[in-house]
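Q: What follows is query01.tsv, TSV, C-alpha atoms.
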```
chain	number	residue	atom	x	y	z
A	1	MET	CA	2.46	22.10	-29.72
A	2	PHE	CA	-0.37	22.29	-27.20
A	3	ASP	CA	-0.56	26.11	-27.51
A	4	ALA	CA	-1.30	25.64	-31.20
A	5	VAL	CA	-3.92	23.03	-30.40
A	6	PHE	CA	-5.63	25.44	-28.04
A	7	GLU	CA	-5.62	28.31	-30.55
A	8	THR	CA	-6.92	26.35	-33.53
A	9	GLY	CA	-9.43	24.22	-31.63
A	10	HIS	CA	-7.94	20.95	-32.93
A	11	SER	CA	-7.36	18.01	-30.54
A	12	VAL	CA	-4.40	15.67	-30.24
A	13	ASN	CA	-4.98	12.35	-31.97
A	14	THR	CA	-3.43	10.01	-29.41
A	15	ALA	CA	-4.16	6.92	-31.51
A	16	ALA	CA	-2.23	8.40	-34.46
A	17	GLN	CA	0.69	9.26	-32.18
A	18	MET	CA	0.78	5.70	-30.86
A	19	LEU	CA	0.62	4.31	-34.41
A	20	ARG	CA	3.61	6.40	-35.48
A	21	ARG	CA	5.55	5.20	-32.43
A	22	ASN	CA	4.49	1.59	-33.05
A	23	ARG	CA	2.78	1.56	-29.66
A	24	ALA	CA	-0.65	0.29	-28.64
A	25	GLY	CA	-1.03	2.78	-25.79
A	26	THR	CA	-2.29	-0.07	-23.59
A	27	VAL	CA	-0.96	-1.84	-20.51
A	28	LEU	CA	-2.20	-5.35	-19.74
A	29	VAL	CA	-2.98	-6.12	-16.09
A	30	ILE	CA	-3.30	-9.86	-15.48
A	31	LEU	CA	-4.95	-11.13	-12.29
A	32	PRO	CA	-6.35	-14.48	-11.12
A	33	ASP	CA	-9.78	-13.35	-9.83
A	34	ILE	CA	-11.26	-9.96	-10.65
A	35	ALA	CA	-13.92	-10.45	-7.96
A	36	ASN	CA	-11.32	-10.63	-5.19
A	37	PRO	CA	-11.51	-7.31	-3.24
A	38	PHE	CA	-7.77	-7.46	-2.52
A	39	PHE	CA	-7.02	-6.09	-5.99
A	40	SER	CA	-9.27	-3.00	-5.95
A	41	LYS	CA	-6.88	-0.46	-4.39
A	42	ILE	CA	-3.92	-1.80	-6.35
A	43	LEU	CA	-5.86	-1.38	-9.59
A	44	SER	CA	-6.84	2.15	-8.54
A	45	GLY	CA	-3.18	3.13	-8.11
A	46	ILE	CA	-2.26	1.56	-11.45
A	47	ASP	CA	-5.10	3.35	-13.22
A	48	LYS	CA	-4.17	6.74	-11.75
A	49	VAL	CA	-0.62	6.60	-13.10
A	50	ALA	CA	-1.74	5.11	-16.44
A	51	THR	CA	-4.32	7.88	-16.93
A	52	GLN	CA	-1.68	10.54	-16.32
A	53	ALA	CA	0.48	8.85	-18.97
A	54	ASN	CA	-2.43	8.69	-21.47
A	55	LEU	CA	-2.43	4.90	-21.37
A	56	THR	CA	-5.39	2.52	-21.30
A	57	ILE	CA	-5.60	-0.41	-18.90
A	58	LEU	CA	-6.66	-3.78	-20.30
A	59	ILE	CA	-7.72	-6.29	-17.60
A	60	GLY	CA	-7.01	-9.97	-18.14
A	61	ASN	CA	-8.83	-12.24	-15.66
A	62	THR	CA	-7.28	-15.73	-15.71
A	63	SER	CA	-9.73	-17.34	-13.24
A	64	ASP	CA	-6.52	-19.05	-12.05
A	65	GLU	CA	-6.45	-21.22	-15.18
A	66	ASN	CA	-3.27	-21.89	-17.17
A	67	GLU	CA	-5.05	-21.92	-20.53
A	68	ARG	CA	-6.70	-18.55	-19.92
A	69	PHE	CA	-3.34	-17.14	-18.84
A	70	SER	CA	-1.72	-18.30	-22.09
A	71	ASN	CA	-4.57	-16.85	-24.18
A	72	ILE	CA	-4.34	-13.49	-22.42
A	73	LEU	CA	-0.61	-13.32	-23.12
A	74	LYS	CA	-1.43	-13.35	-26.83
A	75	ASN	CA	-2.32	-9.67	-26.37
A	76	LEU	CA	1.36	-9.02	-25.68
A	77	ARG	CA	2.58	-11.11	-28.59
A	78	ASN	CA	0.24	-9.54	-31.12
A	79	GLY	CA	1.10	-5.99	-30.07
A	80	ARG	CA	-2.21	-5.11	-28.41
A	81	ALA	CA	-0.36	-4.11	-25.23
A	82	ASP	CA	2.96	-2.37	-24.63
A	83	GLY	CA	3.65	-3.99	-21.25
A	84	ALA	CA	2.13	-6.08	-18.50
A	85	LEU	CA	1.63	-6.14	-14.75
A	86	LEU	CA	1.10	-9.55	-13.18
A	87	LEU	CA	-0.94	-9.61	-9.96
A	88	ASN	CA	-0.61	-12.79	-7.89
A	89	VAL	CA	-0.19	-14.88	-11.01
A	90	ARG	CA	1.31	-18.26	-10.32
A	91	ALA	CA	4.89	-18.70	-11.51
A	92	ARG	CA	4.92	-19.74	-15.16
A	93	PRO	CA	7.67	-21.06	-17.41
A	94	THR	CA	9.51	-18.01	-18.73
A	95	ASP	CA	9.05	-19.13	-22.34
A	96	LEU	CA	5.37	-18.21	-22.00
A	97	LEU	CA	6.32	-14.56	-21.62
A	98	PRO	CA	7.25	-12.67	-24.81
A	99	ASP	CA	10.77	-11.31	-25.15
A	100	GLY	CA	11.34	-7.57	-25.16
A	101	VAL	CA	8.02	-6.62	-23.52
A	102	PRO	CA	8.27	-4.80	-20.16
A	103	ILE	CA	6.73	-7.00	-17.46
A	104	LEU	CA	6.54	-6.48	-13.71
A	105	SER	CA	5.08	-8.67	-10.97
A	106	ILE	CA	2.95	-7.19	-8.18
A	107	SER	CA	2.52	-8.76	-4.75
A	108	GLU	CA	4.12	-12.06	-5.73
A	109	ARG	CA	7.72	-12.55	-6.78
A	110	ILE	CA	8.25	-15.09	-9.55
A	111	ASP	CA	10.94	-17.58	-8.57
A	112	ASN	CA	13.87	-18.21	-10.92
A	113	SER	CA	12.92	-15.20	-13.02
A	114	ALA	CA	14.44	-11.80	-13.74
A	115	ILE	CA	10.98	-10.18	-13.75
A	116	PRO	CA	10.99	-7.22	-11.28
A	117	TYR	CA	8.69	-7.37	-8.28
A	118	VAL	CA	6.84	-4.79	-6.14
A	119	GLY	CA	5.10	-5.86	-2.97
A	120	THR	CA	4.94	-6.30	0.79
A	121	ASP	CA	7.70	-7.86	2.90
A	122	ASN	CA	5.72	-11.07	3.39
A	123	VAL	CA	8.52	-12.72	5.31
A	124	LYS	CA	8.57	-10.18	8.16
A	125	ALA	CA	4.78	-9.74	8.10
A	126	ALA	CA	4.06	-13.46	8.54
A	127	TYR	CA	6.62	-13.71	11.35
A	128	ASP	CA	5.12	-10.70	13.14
A	129	ALA	CA	1.56	-12.02	12.75
A	130	THR	CA	2.46	-15.36	14.32
A	131	THR	CA	4.46	-13.65	17.06
A	132	TYR	CA	1.41	-11.54	17.87
A	133	LEU	CA	-0.71	-14.67	18.41
A	134	LEU	CA	2.06	-16.10	20.60
A	135	SER	CA	2.05	-12.89	22.65
A	136	LEU	CA	-1.62	-13.52	23.44
A	137	GLY	CA	-0.65	-16.79	25.09
A	138	HIS	CA	-1.41	-19.20	22.26
A	139	ARG	CA	0.97	-22.12	21.86
A	140	SER	CA	-0.85	-24.40	19.42
A	141	ILE	CA	-1.27	-22.25	16.31
A	142	VAL	CA	-2.21	-23.70	12.92
A	143	HIS	CA	-1.28	-22.00	9.66
A	144	VAL	CA	-3.99	-22.09	6.97
A	145	THR	CA	-1.97	-21.71	3.79
A	146	GLY	CA	-2.71	-19.78	0.63
A	147	PRO	CA	-2.96	-21.24	-2.90
A	148	GLN	CA	-0.35	-23.88	-3.58
A	149	GLY	CA	2.43	-23.15	-6.04
A	150	ASN	CA	3.14	-19.47	-5.47
A	151	SER	CA	5.85	-17.63	-3.59
A	152	LEU	CA	3.47	-15.84	-1.22
A	153	THR	CA	2.25	-19.14	0.19
A	154	LYS	CA	5.82	-20.34	0.70
A	155	ASP	CA	7.05	-17.11	2.30
A	156	ARG	CA	4.15	-16.84	4.72
A	157	HIS	CA	4.37	-20.49	5.72
A	158	ASP	CA	8.16	-20.45	6.17
A	159	ASP	CA	8.07	-17.52	8.54
A	160	TYR	CA	5.07	-18.78	10.45
A	161	ALA	CA	7.23	-21.89	11.02
A	162	ALA	CA	10.22	-19.73	12.02
A	163	ALA	CA	8.11	-17.81	14.55
A	164	MET	CA	6.94	-21.10	16.08
A	165	ARG	CA	10.46	-22.54	16.08
A	166	ASP	CA	12.12	-19.63	17.89
A	167	PRO	CA	10.32	-20.24	21.22
A	168	GLY	CA	10.74	-24.01	20.80
A	169	LEU	CA	7.21	-24.78	19.64
A	170	ASP	CA	8.08	-26.84	16.56
A	171	ASP	CA	5.90	-29.68	17.83
A	172	LYS	CA	2.92	-27.31	18.08
A	173	SER	CA	3.13	-25.99	14.52
A	174	ALA	CA	0.95	-27.42	11.77
A	175	ALA	CA	-0.31	-26.39	8.35
A	176	VAL	CA	-3.68	-26.91	6.73
A	177	ALA	CA	-4.08	-26.51	2.97
A	178	GLY	CA	-6.22	-23.47	2.27
A	179	GLY	CA	-6.54	-21.19	-0.72
A	180	SER	CA	-7.68	-17.66	-1.51
A	181	ALA	CA	-11.48	-17.99	-1.35
A	182	PHE	CA	-14.11	-18.05	1.38
A	183	ARG	CA	-15.03	-21.64	0.50
A	184	ASP	CA	-11.37	-22.66	0.94
A	185	GLY	CA	-11.49	-21.33	4.49
A	186	LYS	CA	-14.68	-23.22	5.30
A	187	ARG	CA	-13.06	-26.42	4.03
A	188	ALA	CA	-9.98	-25.69	6.18
A	189	ALA	CA	-12.26	-25.21	9.20
A	190	ASP	CA	-13.54	-28.77	8.77
A	191	ILE	CA	-9.94	-30.02	8.87
A	192	LEU	CA	-9.15	-27.93	11.95
A	193	LEU	CA	-12.15	-29.42	13.74
A	194	ALA	CA	-11.32	-32.99	12.71
A	195	GLU	CA	-7.52	-33.05	13.01
A	196	HIS	CA	-6.39	-30.12	15.18
A	197	GLN	CA	-8.77	-30.06	18.13
A	198	SER	CA	-5.99	-28.93	20.49
A	199	SER	CA	-5.23	-25.76	18.50
A	200	THR	CA	-6.40	-22.44	19.93
A	201	ALA	CA	-5.54	-20.09	17.07
A	202	ALA	CA	-5.03	-19.96	13.31
A	203	PHE	CA	-2.92	-17.68	11.15
A	204	CYS	CA	-4.50	-17.58	7.68
A	205	ALA	CA	-2.55	-16.55	4.60
A	206	ASN	CA	-5.31	-14.19	3.42
A	207	ASP	CA	-8.49	-12.55	4.66
A	208	GLU	CA	-11.08	-14.27	2.48
A	209	SER	CA	-10.05	-17.74	3.62
A	210	ALA	CA	-9.75	-16.45	7.21
A	211	MET	CA	-13.38	-15.34	7.11
A	212	GLY	CA	-14.32	-18.75	5.74
A	213	VAL	CA	-12.53	-20.41	8.67
A	214	ILE	CA	-14.38	-18.18	11.14
A	215	ARG	CA	-17.73	-19.01	9.57
A	216	GLY	CA	-16.97	-22.73	9.52
A	217	LEU	CA	-15.89	-22.79	13.17
A	218	HIS	CA	-18.84	-20.63	14.21
A	219	GLU	CA	-21.30	-23.01	12.53
A	220	ALA	CA	-19.69	-25.83	14.51
A	221	GLY	CA	-20.36	-23.97	17.75
A	222	VAL	CA	-16.87	-22.56	18.38
A	223	ASP	CA	-16.91	-19.13	20.05
A	224	ILE	CA	-14.60	-16.67	18.27
A	225	PRO	CA	-12.71	-14.90	19.77
A	226	GLY	CA	-13.73	-16.40	23.12
A	227	GLU	CA	-12.47	-19.95	22.44
A	228	TYR	CA	-10.39	-19.46	19.31
A	229	SER	CA	-8.32	-16.64	17.83
A	230	GLU	CA	-7.93	-15.86	14.16
A	231	MET	CA	-5.43	-13.79	12.19
A	232	GLY	CA	-5.80	-12.88	8.52
A	233	PHE	CA	-3.57	-11.18	5.97
A	234	ASP	CA	-4.31	-8.29	3.53
A	235	GLU	CA	-6.89	-6.12	5.36
A	236	VAL	CA	-9.51	-6.27	2.63
A	237	PRO	CA	-12.48	-3.89	3.13
A	238	PHE	CA	-14.79	-6.63	4.45
A	239	ALA	CA	-12.40	-7.48	7.32
A	240	ALA	CA	-13.59	-4.50	9.38
A	241	ILE	CA	-17.31	-5.22	8.98
A	242	PHE	CA	-17.18	-9.01	9.22
A	243	GLN	CA	-18.58	-10.39	12.50
A	244	PRO	CA	-16.55	-10.91	14.54
A	245	GLU	CA	-14.21	-8.25	13.15
A	246	LEU	CA	-11.12	-9.89	11.69
A	247	THR	CA	-7.67	-9.12	13.06
A	248	THR	CA	-5.42	-8.93	10.03
A	249	VAL	CA	-2.08	-7.84	8.61
A	250	HIS	CA	-2.37	-4.50	6.81
A	251	GLN	CA	-1.06	-4.30	3.25
A	252	ALA	CA	-0.69	-0.76	1.91
A	253	ARG	CA	-2.26	-1.73	-1.40
A	254	ASN	CA	-2.77	1.90	-2.43
A	255	LEU	CA	1.01	2.30	-2.13
A	256	ILE	CA	1.76	-0.78	-4.24
A	257	GLY	CA	-0.11	-0.14	-7.50
A	258	LYS	CA	1.21	3.37	-8.08
A	259	PRO	CA	4.97	2.64	-7.85
A	260	ALA	CA	4.48	-0.60	-9.78
A	261	MET	CA	2.99	1.28	-12.73
A	262	GLU	CA	5.65	4.00	-12.47
A	263	THR	CA	8.36	1.33	-12.53
A	264	LEU	CA	6.82	-0.33	-15.59
A	265	LEU	CA	6.73	3.03	-17.42
A	266	ALA	CA	10.38	3.66	-16.53
```
Using structure tokens, write down the structure from this file.

A:
Amino acid sequence: MFDAVFETGHSVNTAAQMLRRNRAGTVLVILPDIANPFFSKILSGIDKVATQANLTILIGNTSDENERFSNILKNLRNGRADGALLLNVRARPTDLLPDGVPILSISERIDNSAIPYVGTDNVKAAYDATTYLLSLGHRSIVHVTGPQGNSLTKDRHDDYAAAMRDPGLDDKSAAVAGGSAFRDGKRAADILLAEHQSSTAAFCANDESAMGVIRGLHEAGVDIPGEYSEMGFDEVPFAAIFQPELTTVHQARNLIGKPAMETLLA
């Protein structure tokens, strides 16, 4: 077919092809915060595979709001998209998701759901991160959690607790409610200063909140890393240029988006 196209000078009408196949030629990517730098490399991998498959990416930014999530899903119900990738979207009742539409979750598994999942082994990573802080001599380590209500927060907290339990430091473990944003970290820093003065290190569930914790402690006169150690999670681009440079758990985000999109296509 393409030889004939080349010889006659005509082009392939992709829209007409999609119409005949009853396809929209679009994949919906739903994420909670488009400004979060964590998603950039994942989106790049998704886009690369989608472009090769002649598909268009439609971004749905929920701003972490249930109503916006429900409205975005209307694109699947009305046929505007052929499938969806969910990035760090909080677990939703399955009746919100349309039947028969290919859906895959990235980074966060959705509990009690058959939706496939592609992501990092958060369990081992959180255990290793806490063990690293222990290897530096820290014994009172606080975990600053991620957003409440998702599986990533639970996995990273559970294995922080396991890493503290193994050497018999259950009484030294503690959790402070955090989130995914810089401001959440600054708020967590206030709690660390008020309620956990004996702690010498913090393992944060993500880099943005970790940087907020560092800033909050620094403004209170705490020397980092001289007096206090900090560990993040994700290795977002700003982690390397933040002062002081943030020690963090690397996520191969460029290796997550590509196979996720390939799996959705399959």

Q: Using only C-alpha atoms, which residue out of A:Asp121, A:Asp171, A:Asp223, A:Glu230 lies closest to A:His143?

A: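 Looking only at the distances to A:His143, the closest residue turns out to be A:Glu230.
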
Q: What is the distance between atom CA of A:Thr200 and atom CA of A:Pro37, in Å to one decimal?

A: 28.1 Å

Q: Tell me, as an mmCIF file with C-alpha atoms, keeping the file's coordinate frame, which residues lie within 10 Å of A:Leu217, counting only C-alpha atoms; anything in the same chain fewer than 6 positions away does not count.

A:
```
data_model
loop_
_atom_site.group_PDB
_atom_site.id
_atom_site.type_symbol
_atom_site.label_atom_id
_atom_site.label_comp_id
_atom_site.auth_asym_id
_atom_site.auth_seq_id
_atom_site.Cartn_x
_atom_site.Cartn_y
_atom_site.Cartn_z
ATOM 1 C CA GLY A 185 -11.490 -21.330 4.490
ATOM 2 C CA LYS A 186 -14.680 -23.220 5.300
ATOM 3 C CA ALA A 188 -9.980 -25.690 6.180
ATOM 4 C CA ALA A 189 -12.260 -25.210 9.200
ATOM 5 C CA ASP A 190 -13.540 -28.770 8.770
ATOM 6 C CA LEU A 192 -9.150 -27.930 11.950
ATOM 7 C CA LEU A 193 -12.150 -29.420 13.740
ATOM 8 C CA MET A 211 -13.380 -15.340 7.110
ATOM 9 C CA ASP A 223 -16.910 -19.130 20.050
ATOM 10 C CA ILE A 224 -14.600 -16.670 18.270
ATOM 11 C CA TYR A 228 -10.390 -19.460 19.310
#
```

Q: When distances are computed from all atoms listed in the file, which of A:Ala260, A:Val213, A:Leu255, A:Val236 shows the smallest separation from A:Ala201?

A: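 Closest to A:Ala201 of all the choices is A:Val213.
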
Q: Compare A:Ala240, A:Ile214, A:Leu76, A:Leu136 by their minimum atom-to-atom distance to A:Asp99, counting all atoms listed in the file, and give me the closest one.

A: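 When distances to A:Asp99 are compared using all atoms listed in the file, the smallest one comes from A:Leu76.
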
Q: If I take atom CA of A:Ser151 and atom CA of A:Ala194, how far is one from the other in Å, to one decimal?

A: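 Atom CA of A:Ala194 lies 28.2 Å from atom CA of A:Ser151.
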
Q: Pick out the closest residue to A:Arg80 from this set: A:Ile141, A:Gly149, A:Thr56, A:Ala266. Count all atoms listed in the file.

A: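 The shortest atom-to-atom distance to A:Arg80 comes from A:Thr56.
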
Q: Rounded to one decimal place, report the atom CA of A:Thr247-atom CA of A:Val222 distance in Å.

A: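 These two atoms are separated by 17.1 Å.
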
Q: Residues of stretch 151-226 of chain A that have any atom at most 12 Å from an atom of stretch 64-69 of chain A: could you tabulate them with the shortest-distance atom pair and the distance in Å to one decimal, using only C-alpha atoms, ordered by chain and increasing number, as a Markdown table?

A:
```
| residue | atom | partner | partner_atom | distance |
| --- | --- | --- | --- | --- |
| A:Gly179 | CA | A:Asp64 | CA | 11.5 |
| A:Ser180 | CA | A:Asp64 | CA | 10.7 |
| A:Ala181 | CA | A:Asp64 | CA | 11.8 |
```

Q: With distances taken over all atoms listed in the file, which of A:Pro167, A:Gly212, A:Gly178, A:Gly146 is nearest to A:Leu134?

A: A:Pro167

Q: For stretch 97-110 of chain A, what centre and edge lengths in Å (one decimal) does the axis-aligned box get once 4 Å is added on each side of all its listed atoms, as JSON?

A:
```
{"center_x": 6.9, "center_y": -9.9, "center_z": -15.0, "size_x": 16.8, "size_y": 18.3, "size_z": 28.4}
```

Q: Produce a table with one row for each residue of stretch 97-161 of chain A that has an atom at most 12 Å from any atom of stretch 42-55 of chain A, each row naming the nearest atom pair and its distance in Å at one decimal; use only C-alpha atoms; arrange rows by chain and rising residue number; format as JSON lines.

A:
```
{"residue": "A:Ile106", "atom": "CA", "partner": "A:Ile42", "partner_atom": "CA", "distance": 8.9}
{"residue": "A:Ser107", "atom": "CA", "partner": "A:Ile42", "partner_atom": "CA", "distance": 9.6}
{"residue": "A:Val118", "atom": "CA", "partner": "A:Ile42", "partner_atom": "CA", "distance": 11.2}
{"residue": "A:Gly119", "atom": "CA", "partner": "A:Ile42", "partner_atom": "CA", "distance": 10.5}
```

Q: Counting all atoms listed in the file, which of A:Arg187, A:His250, A:Phe38, A:Thr131 gets nearest to A:Asp166?

A: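 Smallest separation from A:Asp166 among the options: A:Thr131.
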
Q: I'd like the contact shell of A:Ala84 - 7 Å cut-off, only C-alpha atoms, skipping same-chain residues fewer than 5 positions apart - returned as JSON, numbers by chain.

A: {"A": [27, 28, 29, 102, 103, 104]}

Q: Hey, what's within 12 Å of A:Glu245 if we count only C-alpha atoms and toss same-chain stuff fewer than 3 positions away? As a PyMOL selection string, please?

A: chain A and resi 207+210-211+214-215+224-225+229-232+235-242+248
